[in-house]
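Pasting protein08.pdb here (PDB, N, CA and C atoms):
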ATOM      1  N   MET U   1       0.816  -1.190   0.000
ATOM      2  CA  MET U   1       0.000   0.000   0.000
ATOM      3  C   MET U   1       0.863   1.259   0.000
ATOM      4  N   PHE U   2       2.157   1.101   0.100
ATOM      5  CA  PHE U   2       3.038   2.247   0.202
ATOM      6  C   PHE U   2       3.062   3.044  -1.101
ATOM      7  N   PHE U   3       3.048   2.361  -2.232
ATOM      8  CA  PHE U   3       3.095   3.031  -3.528
ATOM      9  C   PHE U   3       1.707   3.363  -4.063
ATOM     10  N   PHE U   4       0.676   3.019  -3.316
ATOM     11  CA  PHE U   4      -0.694   3.266  -3.744
ATOM     12  C   PHE U   4      -1.447   4.027  -2.662
ATOM     13  N   LYS U   5      -2.503   4.685  -3.073
ATOM     14  CA  LYS U   5      -3.398   5.348  -2.114
ATOM     15  C   LYS U   5      -4.825   5.185  -2.611
ATOM     16  N   ASP U   6      -5.766   5.328  -1.694
ATOM     17  CA  ASP U   6      -7.181   5.187  -2.039
ATOM     18  C   ASP U   6      -7.665   6.431  -2.764
ATOM     19  N   ASP U   7      -8.430   6.201  -3.828
ATOM     20  CA  ASP U   7      -9.060   7.303  -4.556
ATOM     21  C   ASP U   7     -10.530   7.309  -4.177
ATOM     22  N   PRO U   8     -10.983   8.294  -3.392
ATOM     23  CA  PRO U   8     -12.374   8.277  -2.917
ATOM     24  C   PRO U   8     -13.402   8.456  -4.027
ATOM     25  N   SER U   9     -12.996   8.990  -5.167
ATOM     26  CA  SER U   9     -13.979   9.232  -6.228
ATOM     27  C   SER U   9     -14.480   7.939  -6.863
ATOM     28  N   ASN U  10     -13.601   6.911  -6.964
ATOM     29  CA  ASN U  10     -14.044   5.666  -7.594
ATOM     30  C   ASN U  10     -13.731   4.429  -6.754
ATOM     31  N   ASN U  11     -13.325   4.613  -5.490
ATOM     32  CA  ASN U  11     -13.053   3.508  -4.567
ATOM     33  C   ASN U  11     -12.049   2.502  -5.114
ATOM     34  N   LYS U  12     -11.005   2.989  -5.770
ATOM     35  CA  LYS U  12      -9.952   2.137  -6.295
ATOM     36  C   LYS U  12      -8.609   2.648  -5.805
ATOM     37  N   LEU U  13      -7.590   1.827  -5.972
ATOM     38  CA  LEU U  13      -6.242   2.238  -5.626
ATOM     39  C   LEU U  13      -5.613   2.963  -6.812
ATOM     40  N   VAL U  14      -4.911   4.039  -6.529
ATOM     41  CA  VAL U  14      -4.181   4.774  -7.557
ATOM     42  C   VAL U  14      -2.744   4.935  -7.080
ATOM     43  N   PHE U  15      -1.842   5.249  -8.003
ATOM     44  CA  PHE U  15      -0.439   5.426  -7.652
ATOM     45  C   PHE U  15      -0.267   6.639  -6.752
ATOM     46  N   ASN U  16       0.617   6.505  -5.769
ATOM     47  CA  ASN U  16       0.977   7.606  -4.894
ATOM     48  C   ASN U  16       2.182   8.310  -5.522
ATOM     49  N   ASP U  17       1.917   9.371  -6.286
ATOM     50  CA  ASP U  17       2.958  10.027  -7.073
ATOM     51  C   ASP U  17       4.061  10.638  -6.217
ATOM     52  N   GLU U  18       3.732  11.126  -5.025
ATOM     53  CA  GLU U  18       4.738  11.724  -4.148
ATOM     54  C   GLU U  18       5.782  10.690  -3.723
ATOM     55  N   VAL U  19       5.334   9.528  -3.334
ATOM     56  CA  VAL U  19       6.253   8.479  -2.901
ATOM     57  C   VAL U  19       7.090   7.990  -4.079
ATOM     58  N   ILE U  20       6.463   7.852  -5.233
ATOM     59  CA  ILE U  20       7.199   7.406  -6.424
ATOM     60  C   ILE U  20       8.270   8.431  -6.797
ATOM     61  N   GLU U  21       7.957   9.718  -6.677
ATOM     62  CA  GLU U  21       8.952  10.760  -6.953
ATOM     63  C   GLU U  21      10.118  10.679  -5.984
ATOM     64  N   GLN U  22       9.830  10.442  -4.710
ATOM     65  CA  GLN U  22      10.903  10.322  -3.721
ATOM     66  C   GLN U  22      11.846   9.185  -4.085
ATOM     67  N   TYR U  23      11.309   8.057  -4.515
ATOM     68  CA  TYR U  23      12.162   6.933  -4.893
ATOM     69  C   TYR U  23      12.908   7.222  -6.180
ATOM     70  N   ARG U  24      12.252   7.887  -7.093
ATOM     71  CA  ARG U  24      12.899   8.207  -8.360
ATOM     72  C   ARG U  24      14.070   9.170  -8.143
ATOM     73  N   ASP U  25      13.885  10.154  -7.256
ATOM     74  CA  ASP U  25      14.924  11.151  -7.004
ATOM     75  C   ASP U  25      15.982  10.660  -6.034
ATOM     76  N   GLY U  26      15.667   9.679  -5.223
ATOM     77  CA  GLY U  26      16.625   9.151  -4.253
ATOM     78  C   GLY U  26      16.360   9.717  -2.873
ATOM     79  N   LEU U  27      16.511   8.870  -1.868
ATOM     80  CA  LEU U  27      16.236   9.272  -0.498
ATOM     81  C   LEU U  27      17.506   9.561   0.294
ATOM     82  N   GLY U  28      18.613   9.011  -0.151
ATOM     83  CA  GLY U  28      19.849   9.158   0.607
ATOM     84  C   GLY U  28      20.630  10.404   0.197
ATOM     85  N   ASP U  29      21.727  10.637   0.951
ATOM     86  CA  ASP U  29      22.578  11.793   0.664
ATOM     87  C   ASP U  29      23.470  11.549  -0.543
ATOM     88  N   THR U  30      23.851  10.290  -0.777
ATOM     89  CA  THR U  30      24.713   9.965  -1.915
ATOM     90  C   THR U  30      23.999   8.982  -2.821
ATOM     91  N   GLY U  31      24.549   8.808  -4.022
ATOM     92  CA  GLY U  31      23.955   7.883  -4.983
ATOM     93  C   GLY U  31      23.896   6.455  -4.477
ATOM     94  N   PRO U  32      25.026   5.887  -3.988
ATOM     95  CA  PRO U  32      24.980   4.512  -3.494
ATOM     96  C   PRO U  32      24.040   4.322  -2.306
ATOM     97  N   GLU U  33      23.959   5.339  -1.448
ATOM     98  CA  GLU U  33      23.038   5.246  -0.316
ATOM     99  C   GLU U  33      21.591   5.220  -0.809
ATOM    100  N   SER U  34      21.276   6.036  -1.810
ATOM    101  CA  SER U  34      19.922   6.042  -2.383
ATOM    102  C   SER U  34      19.602   4.702  -3.011
ATOM    103  N   ILE U  35      20.578   4.115  -3.694
ATOM    104  CA  ILE U  35      20.360   2.806  -4.330
ATOM    105  C   ILE U  35      20.114   1.746  -3.271
ATOM    106  N   GLN U  36      20.880   1.788  -2.190
ATOM    107  CA  GLN U  36      20.700   0.816  -1.110
ATOM    108  C   GLN U  36      19.321   0.954  -0.474
ATOM    109  N   ILE U  37      18.895   2.173  -0.204
ATOM    110  CA  ILE U  37      17.566   2.399   0.380
ATOM    111  C   ILE U  37      16.486   1.911  -0.576
ATOM    112  N   PHE U  38      16.657   2.183  -1.856
ATOM    113  CA  PHE U  38      15.684   1.744  -2.854
ATOM    114  C   PHE U  38      15.588   0.213  -2.876
ATOM    115  N   LYS U  39      16.728  -0.457  -2.913
ATOM    116  CA  LYS U  39      16.732  -1.922  -2.960
ATOM    117  C   LYS U  39      16.073  -2.505  -1.715
ATOM    118  N   GLU U  40      16.410  -1.961  -0.553
ATOM    119  CA  GLU U  40      15.814  -2.474   0.680
ATOM    120  C   GLU U  40      14.298  -2.284   0.697
ATOM    121  N   SER U  41      13.844  -1.146   0.240
ATOM    122  CA  SER U  41      12.397  -0.894   0.252
ATOM    123  C   SER U  41      11.668  -1.750  -0.777
ATOM    124  N   VAL U  42      12.283  -1.968  -1.934
ATOM    125  CA  VAL U  42      11.656  -2.826  -2.945
ATOM    126  C   VAL U  42      11.562  -4.253  -2.424
ATOM    127  N   ILE U  43      12.629  -4.730  -1.790
ATOM    128  CA  ILE U  43      12.609  -6.085  -1.236
ATOM    129  C   ILE U  43      11.570  -6.186  -0.127
ATOM    130  N   GLU U  44      11.523  -5.185   0.735
ATOM    131  CA  GLU U  44      10.538  -5.185   1.823
ATOM    132  C   GLU U  44       9.115  -5.201   1.277
ATOM    133  N   ASN U  45       8.837  -4.376   0.272
ATOM    134  CA  ASN U  45       7.496  -4.341  -0.321
ATOM    135  C   ASN U  45       7.171  -5.643  -1.034
ATOM    136  N   TYR U  46       8.159  -6.237  -1.695
ATOM    137  CA  TYR U  46       7.958  -7.508  -2.384
ATOM    138  C   TYR U  46       7.587  -8.602  -1.388
ATOM    139  N   LEU U  47       8.322  -8.665  -0.273
ATOM    140  CA  LEU U  47       8.038  -9.683   0.737
ATOM    141  C   LEU U  47       6.686  -9.445   1.398
ATOM    142  N   GLU U  48       6.344  -8.191   1.627
ATOM    143  CA  GLU U  48       5.039  -7.871   2.217
ATOM    144  C   GLU U  48       3.908  -8.289   1.274
ATOM    145  N   CYS U  49       4.082  -8.061  -0.014
ATOM    146  CA  CYS U  49       3.064  -8.473  -0.998
ATOM    147  C   CYS U  49       2.944  -9.990  -1.053
ATOM    148  N   ASN U  50       4.074 -10.695  -0.992
ATOM    149  CA  ASN U  50       4.022 -12.159  -0.983
ATOM    150  C   ASN U  50       3.299 -12.675   0.251
ATOM    151  N   LYS U  51       3.542 -12.057   1.401
ATOM    152  CA  LYS U  51       2.860 -12.454   2.631
ATOM    153  C   LYS U  51       1.357 -12.235   2.503
ATOM    154  N   GLU U  52       0.959 -11.070   1.990
ATOM    155  CA  GLU U  52      -0.462 -10.762   1.823
ATOM    156  C   GLU U  52      -1.107 -11.726   0.825
ATOM    157  N   ASN U  53      -0.393 -12.057  -0.249
ATOM    158  CA  ASN U  53      -0.899 -13.029  -1.225
ATOM    159  C   ASN U  53      -1.112 -14.388  -0.582
ATOM    160  N   ALA U  54      -0.165 -14.814   0.248
ATOM    161  CA  ALA U  54      -0.293 -16.108   0.915
ATOM    162  C   ALA U  54      -1.514 -16.128   1.825
ATOM    163  N   ILE U  55      -1.742 -15.049   2.543
ATOM    164  CA  ILE U  55      -2.913 -14.968   3.427
ATOM    165  C   ILE U  55      -4.200 -15.026   2.616
ATOM    166  N   GLN U  56      -4.257 -14.264   1.523
ATOM    167  CA  GLN U  56      -5.459 -14.261   0.684
ATOM    168  C   GLN U  56      -5.696 -15.631   0.052
ATOM    169  N   ASN U  57      -4.627 -16.274  -0.409
ATOM    170  CA  ASN U  57      -4.779 -17.604  -1.010
ATOM    171  C   ASN U  57      -5.266 -18.618   0.009
ATOM    172  N   TYR U  58      -4.770 -18.538   1.240
ATOM    173  CA  TYR U  58      -5.234 -19.450   2.286
ATOM    174  C   TYR U  58      -6.721 -19.233   2.565
ATOM    175  N   ASN U  59      -7.144 -17.972   2.629
ATOM    176  CA  ASN U  59      -8.563 -17.675   2.869
ATOM    177  C   ASN U  59      -9.434 -18.196   1.733
ATOM    178  N   LYS U  60      -8.965 -18.025   0.504
ATOM    179  CA  LYS U  60      -9.742 -18.519  -0.640
ATOM    180  C   LYS U  60      -9.831 -20.038  -0.624
ATOM    181  N   ALA U  61      -8.723 -20.700  -0.293
ATOM    182  CA  ALA U  61      -8.731 -22.163  -0.231
ATOM    183  C   ALA U  61      -9.699 -22.654   0.843
ATOM    184  N   THR U  62      -9.744 -21.962   1.973
ATOM    185  CA  THR U  62     -10.671 -22.338   3.037
ATOM    186  C   THR U  62     -12.120 -22.195   2.570
ATOM    187  N   ARG U  63     -12.415 -21.104   1.891
ATOM    188  CA  ARG U  63     -13.781 -20.905   1.379
ATOM    189  C   ARG U  63     -14.153 -21.978   0.359
ATOM    190  N   ILE U  64     -13.215 -22.348  -0.479
ATOM    191  CA  ILE U  64     -13.490 -23.383  -1.484
ATOM    192  C   ILE U  64     -13.752 -24.720  -0.800
ATOM    193  N   LYS U  65     -12.975 -25.057   0.237
ATOM    194  CA  LYS U  65     -13.201 -26.309   0.960
ATOM    195  C   LYS U  65     -14.582 -26.331   1.600
ATOM    196  N   ILE U  66     -14.982 -25.219   2.201
ATOM    197  CA  ILE U  66     -16.308 -25.143   2.823
ATOM    198  C   ILE U  66     -17.393 -25.310   1.768
ATOM    199  N   ALA U  67     -17.236 -24.653   0.628
ATOM    200  CA  ALA U  67     -18.220 -24.773  -0.451
ATOM    201  C   ALA U  67     -18.294 -26.206  -0.966
ATOM    202  N   GLN U  68     -17.149 -26.874  -1.065
ATOM    203  CA  GLN U  68     -17.150 -28.271  -1.517
ATOM    204  C   GLN U  68     -17.903 -29.170  -0.536
ATOM    205  N   TRP U  69     -17.724 -28.942   0.764
ATOM    206  CA  TRP U  69     -18.424 -29.756   1.751
ATOM    207  C   TRP U  69     -19.934 -29.533   1.691
ATOM    208  N   PHE U  70     -20.348 -28.283   1.482
ATOM    209  CA  PHE U  70     -21.791 -28.029   1.314
ATOM    210  C   PHE U  70     -22.318 -28.709   0.053
ATOM    211  N   PHE U  71     -21.527 -28.690  -1.016
ATOM    212  CA  PHE U  71     -21.936 -29.353  -2.253
ATOM    213  C   PHE U  71     -22.085 -30.859  -2.028
ATOM    214  N   PHE U  72     -21.092 -31.459  -1.373
ATOM    215  CA  PHE U  72     -21.159 -32.900  -1.104
ATOM    216  C   PHE U  72     -22.344 -33.239  -0.204
ATOM    217  N   ALA U  73     -22.580 -32.411   0.811
ATOM    218  CA  ALA U  73     -23.711 -32.650   1.698
ATOM    219  C   ALA U  73     -25.026 -32.572   0.925
ATOM    220  N   GLY U  74     -25.135 -31.607   0.028
ATOM    221  CA  GLY U  74     -26.338 -31.497  -0.782
ATOM    222  C   GLY U  74     -26.481 -32.649  -1.753
ATOM    223  N   ALA U  75     -25.370 -33.042  -2.360
ATOM    224  CA  ALA U  75     -25.407 -34.147  -3.328
ATOM    225  C   ALA U  75     -25.800 -35.458  -2.649
ATOM    226  N   ILE U  76     -25.458 -35.614  -1.395
ATOM    227  CA  ILE U  76     -25.806 -36.843  -0.675
ATOM    228  C   ILE U  76     -27.215 -36.762  -0.084
ATOM    229  N   SER U  77     -27.597 -35.624   0.460
ATOM    230  CA  SER U  77     -28.884 -35.535   1.160
ATOM    231  C   SER U  77     -30.077 -35.358   0.229
ATOM    232  N   ILE U  78     -29.913 -34.703  -0.885
ATOM    233  CA  ILE U  78     -31.052 -34.471  -1.790
ATOM    234  C   ILE U  78     -31.650 -35.779  -2.304
ATOM    235  N   PRO U  79     -30.845 -36.750  -2.757
ATOM    236  CA  PRO U  79     -31.469 -38.016  -3.187
ATOM    237  C   PRO U  79     -32.239 -38.720  -2.063
ATOM    238  N   PHE U  80     -31.737 -38.646  -0.823
ATOM    239  CA  PHE U  80     -32.476 -39.251   0.290
ATOM    240  C   PHE U  80     -33.794 -38.531   0.529
ATOM    241  N   ILE U  81     -33.770 -37.223   0.486
ATOM    242  CA  ILE U  81     -35.002 -36.455   0.693
ATOM    243  C   ILE U  81     -36.009 -36.763  -0.406
ATOM    244  N   VAL U  82     -35.546 -36.767  -1.649
ATOM    245  CA  VAL U  82     -36.435 -37.080  -2.768
ATOM    246  C   VAL U  82     -36.911 -38.523  -2.672
ATOM    247  N   GLY U  83     -36.017 -39.415  -2.276
ATOM    248  CA  GLY U  83     -36.384 -40.836  -2.159
ATOM    249  C   GLY U  83     -37.426 -41.085  -1.094
ATOM    250  N   PHE U  84     -37.409 -40.331  -0.017
ATOM    251  CA  PHE U  84     -38.406 -40.505   1.042
ATOM    252  C   PHE U  84     -39.677 -39.697   0.771
ATOM    253  N   ALA U  85     -39.562 -38.550   0.164
ATOM    254  CA  ALA U  85     -40.717 -37.678  -0.033
ATOM    255  C   ALA U  85     -41.591 -38.137  -1.196
ATOM    256  N   LEU U  86     -41.000 -38.536  -2.310
ATOM    257  CA  LEU U  86     -41.809 -38.911  -3.474
ATOM    258  C   LEU U  86     -42.690 -40.138  -3.221
ATOM    259  N   PRO U  87     -42.180 -41.204  -2.652
ATOM    260  CA  PRO U  87     -43.103 -42.338  -2.391
ATOM    261  C   PRO U  87     -44.247 -41.952  -1.444
ATOM    262  N   TYR U  88     -43.952 -41.116  -0.470
ATOM    263  CA  TYR U  88     -45.007 -40.689   0.453
ATOM    264  C   TYR U  88     -46.056 -39.873  -0.292
ATOM    265  N   LEU U  89     -45.640 -38.977  -1.181
ATOM    266  CA  LEU U  89     -46.576 -38.169  -1.936
ATOM    267  C   LEU U  89     -47.367 -38.996  -2.932
ATOM    268  N   TRP U  90     -46.758 -40.007  -3.523
ATOM    269  CA  TRP U  90     -47.463 -40.837  -4.499
ATOM    270  C   TRP U  90     -48.484 -41.754  -3.842
ATOM    271  N   THR U  91     -48.283 -42.138  -2.611
ATOM    272  CA  THR U  91     -49.207 -43.061  -1.970
ATOM    273  C   THR U  91     -50.378 -42.357  -1.295
ATOM    274  N   LYS U  92     -50.293 -41.055  -1.057
ATOM    275  CA  LYS U  92     -51.372 -40.299  -0.432
ATOM    276  C   LYS U  92     -52.454 -40.004  -1.480
ATOM    277  N   PRO U  93     -53.712 -40.105  -1.081
ATOM    278  CA  PRO U  93     -54.774 -39.712  -1.997
ATOM    279  C   PRO U  93     -54.754 -38.188  -2.194
ATOM    280  N   LEU U  94     -55.113 -37.743  -3.368
ATOM    281  CA  LEU U  94     -55.070 -36.331  -3.699
ATOM    282  C   LEU U  94     -56.174 -35.531  -2.994
ATOM    283  N   LEU U  95     -57.275 -36.159  -2.658
ATOM    284  CA  LEU U  95     -58.391 -35.455  -2.006
ATOM    285  C   LEU U  95     -58.449 -35.661  -0.559
TER     286      LEU U  95
END
Since I need it in another form, could you write the structure as structure tokens?
Amino acid sequence: MFFFKDDPSNNKLVFNDEVIEQYRDGLGDTGPESIQIFKESVIENYLECNKENAIQNYNKATRIKIAQWFFFAGAISIPFIVGFALPYLWTKPLL
């Protein structure tokens, strides 16, 4: 989220131009110091994004497992319900 900010007009993320300019111009007093700071921040942001991706993927996998169990439960229970309900309905007089 460091390189992005919320845009209230359309509820989306947009580039944070101020932060990008700071990185483009350099944060350190010398060139090598600026390069070192840039590399460290890029690595830090990369690792943070990977961590967030892992969390999101785990949450999605959990939701998929839950949905699969509901599907299996429905696939197993619906034939039993139909099997018990239809014979009962067919044997009852309509009037």
Step by step, work through what the PyMOL selection byres (((chain U and resi 20-26 and name CA) around 10) and name CA) selects in the shown file, and finish by giving those residues as a compact mmCIF listing (two decimals) with N, CA and C atoms, in the frame of the given file.
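After the write, part-v4.txt holds the following:
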# COMPACT_ATOMS: atom_id res chain seq x y z
N PHE U 2 2.16 1.10 0.10
CA PHE U 2 3.04 2.25 0.20
C PHE U 2 3.06 3.04 -1.10
N PHE U 3 3.05 2.36 -2.23
CA PHE U 3 3.10 3.03 -3.53
C PHE U 3 1.71 3.36 -4.06
N PHE U 4 0.68 3.02 -3.32
CA PHE U 4 -0.69 3.27 -3.74
C PHE U 4 -1.45 4.03 -2.66
N PHE U 15 -1.84 5.25 -8.00
CA PHE U 15 -0.44 5.43 -7.65
C PHE U 15 -0.27 6.64 -6.75
N ASN U 16 0.62 6.50 -5.77
CA ASN U 16 0.98 7.61 -4.89
C ASN U 16 2.18 8.31 -5.52
N ASP U 17 1.92 9.37 -6.29
CA ASP U 17 2.96 10.03 -7.07
C ASP U 17 4.06 10.64 -6.22
N GLU U 18 3.73 11.13 -5.03
CA GLU U 18 4.74 11.72 -4.15
C GLU U 18 5.78 10.69 -3.72
N VAL U 19 5.33 9.53 -3.33
CA VAL U 19 6.25 8.48 -2.90
C VAL U 19 7.09 7.99 -4.08
N LEU U 27 16.51 8.87 -1.87
CA LEU U 27 16.24 9.27 -0.50
C LEU U 27 17.51 9.56 0.29
N GLY U 28 18.61 9.01 -0.15
CA GLY U 28 19.85 9.16 0.61
C GLY U 28 20.63 10.40 0.20
N ASP U 29 21.73 10.64 0.95
CA ASP U 29 22.58 11.79 0.66
C ASP U 29 23.47 11.55 -0.54
N THR U 30 23.85 10.29 -0.78
CA THR U 30 24.71 9.96 -1.92
C THR U 30 24.00 8.98 -2.82
N GLY U 31 24.55 8.81 -4.02
CA GLY U 31 23.96 7.88 -4.98
C GLY U 31 23.90 6.46 -4.48
N PRO U 32 25.03 5.89 -3.99
CA PRO U 32 24.98 4.51 -3.49
C PRO U 32 24.04 4.32 -2.31
N GLU U 33 23.96 5.34 -1.45
CA GLU U 33 23.04 5.25 -0.32
C GLU U 33 21.59 5.22 -0.81
N SER U 34 21.28 6.04 -1.81
CA SER U 34 19.92 6.04 -2.38
C SER U 34 19.60 4.70 -3.01
N ILE U 35 20.58 4.12 -3.69
CA ILE U 35 20.36 2.81 -4.33
C ILE U 35 20.11 1.75 -3.27
N GLN U 36 20.88 1.79 -2.19
CA GLN U 36 20.70 0.82 -1.11
C GLN U 36 19.32 0.95 -0.47
N ILE U 37 18.90 2.17 -0.20
CA ILE U 37 17.57 2.40 0.38
C ILE U 37 16.49 1.91 -0.58
N PHE U 38 16.66 2.18 -1.86
CA PHE U 38 15.68 1.74 -2.85
C PHE U 38 15.59 0.21 -2.88
N SER U 41 13.84 -1.15 0.24
CA SER U 41 12.40 -0.89 0.25
C SER U 41 11.67 -1.75 -0.78
N VAL U 42 12.28 -1.97 -1.93
CA VAL U 42 11.66 -2.83 -2.94
C VAL U 42 11.56 -4.25 -2.42
Padding of 6 Å on every side, edges along x, y and z, all listed atoms of range 64-81 of chain U included: what centre and edge lengths in Å, to one decimal, does that box have, as lines of an AutoDock Vina configuration file?
center_x = -24.5
center_y = -30.8
center_z = -0.3
size_x = 35.0
size_y = 28.9
size_z = 18.2
### Summary
CA of Tyr88 in chain U sits from CA of Trp69 in chain U at a separation of 28.8 Å
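Interatomic distance, CA of Lys5 in chain U against CA of Asn45 in chain U: 14.7 Å.
Taking only chain U, the residues that DSSP calls strand (DSSP E or B) from the backbone come to Phe4, Lys5, Asp6, Asp7, Lys12, Leu13, Val14 and Phe15 of chain U.
We find CA of Arg63 in chain U and atom N of Ser77 in chain U to be spaced 20.2 Å apart.
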### Task
Using backbone DSSP assignments, extract all helix (DSSP H, G or I) residues from chain U; output them as a ChimeraX atom specification.
/U:17-25,31-91
### Task
Would you mind listing what lies within 12 Å of Tyr46 in chain U as an MDAnalysis selection string, with only C-alpha atoms counted and same-chain residues fewer than 6 positions away left out?
chainID U and resid 1:3 39:40 52:53
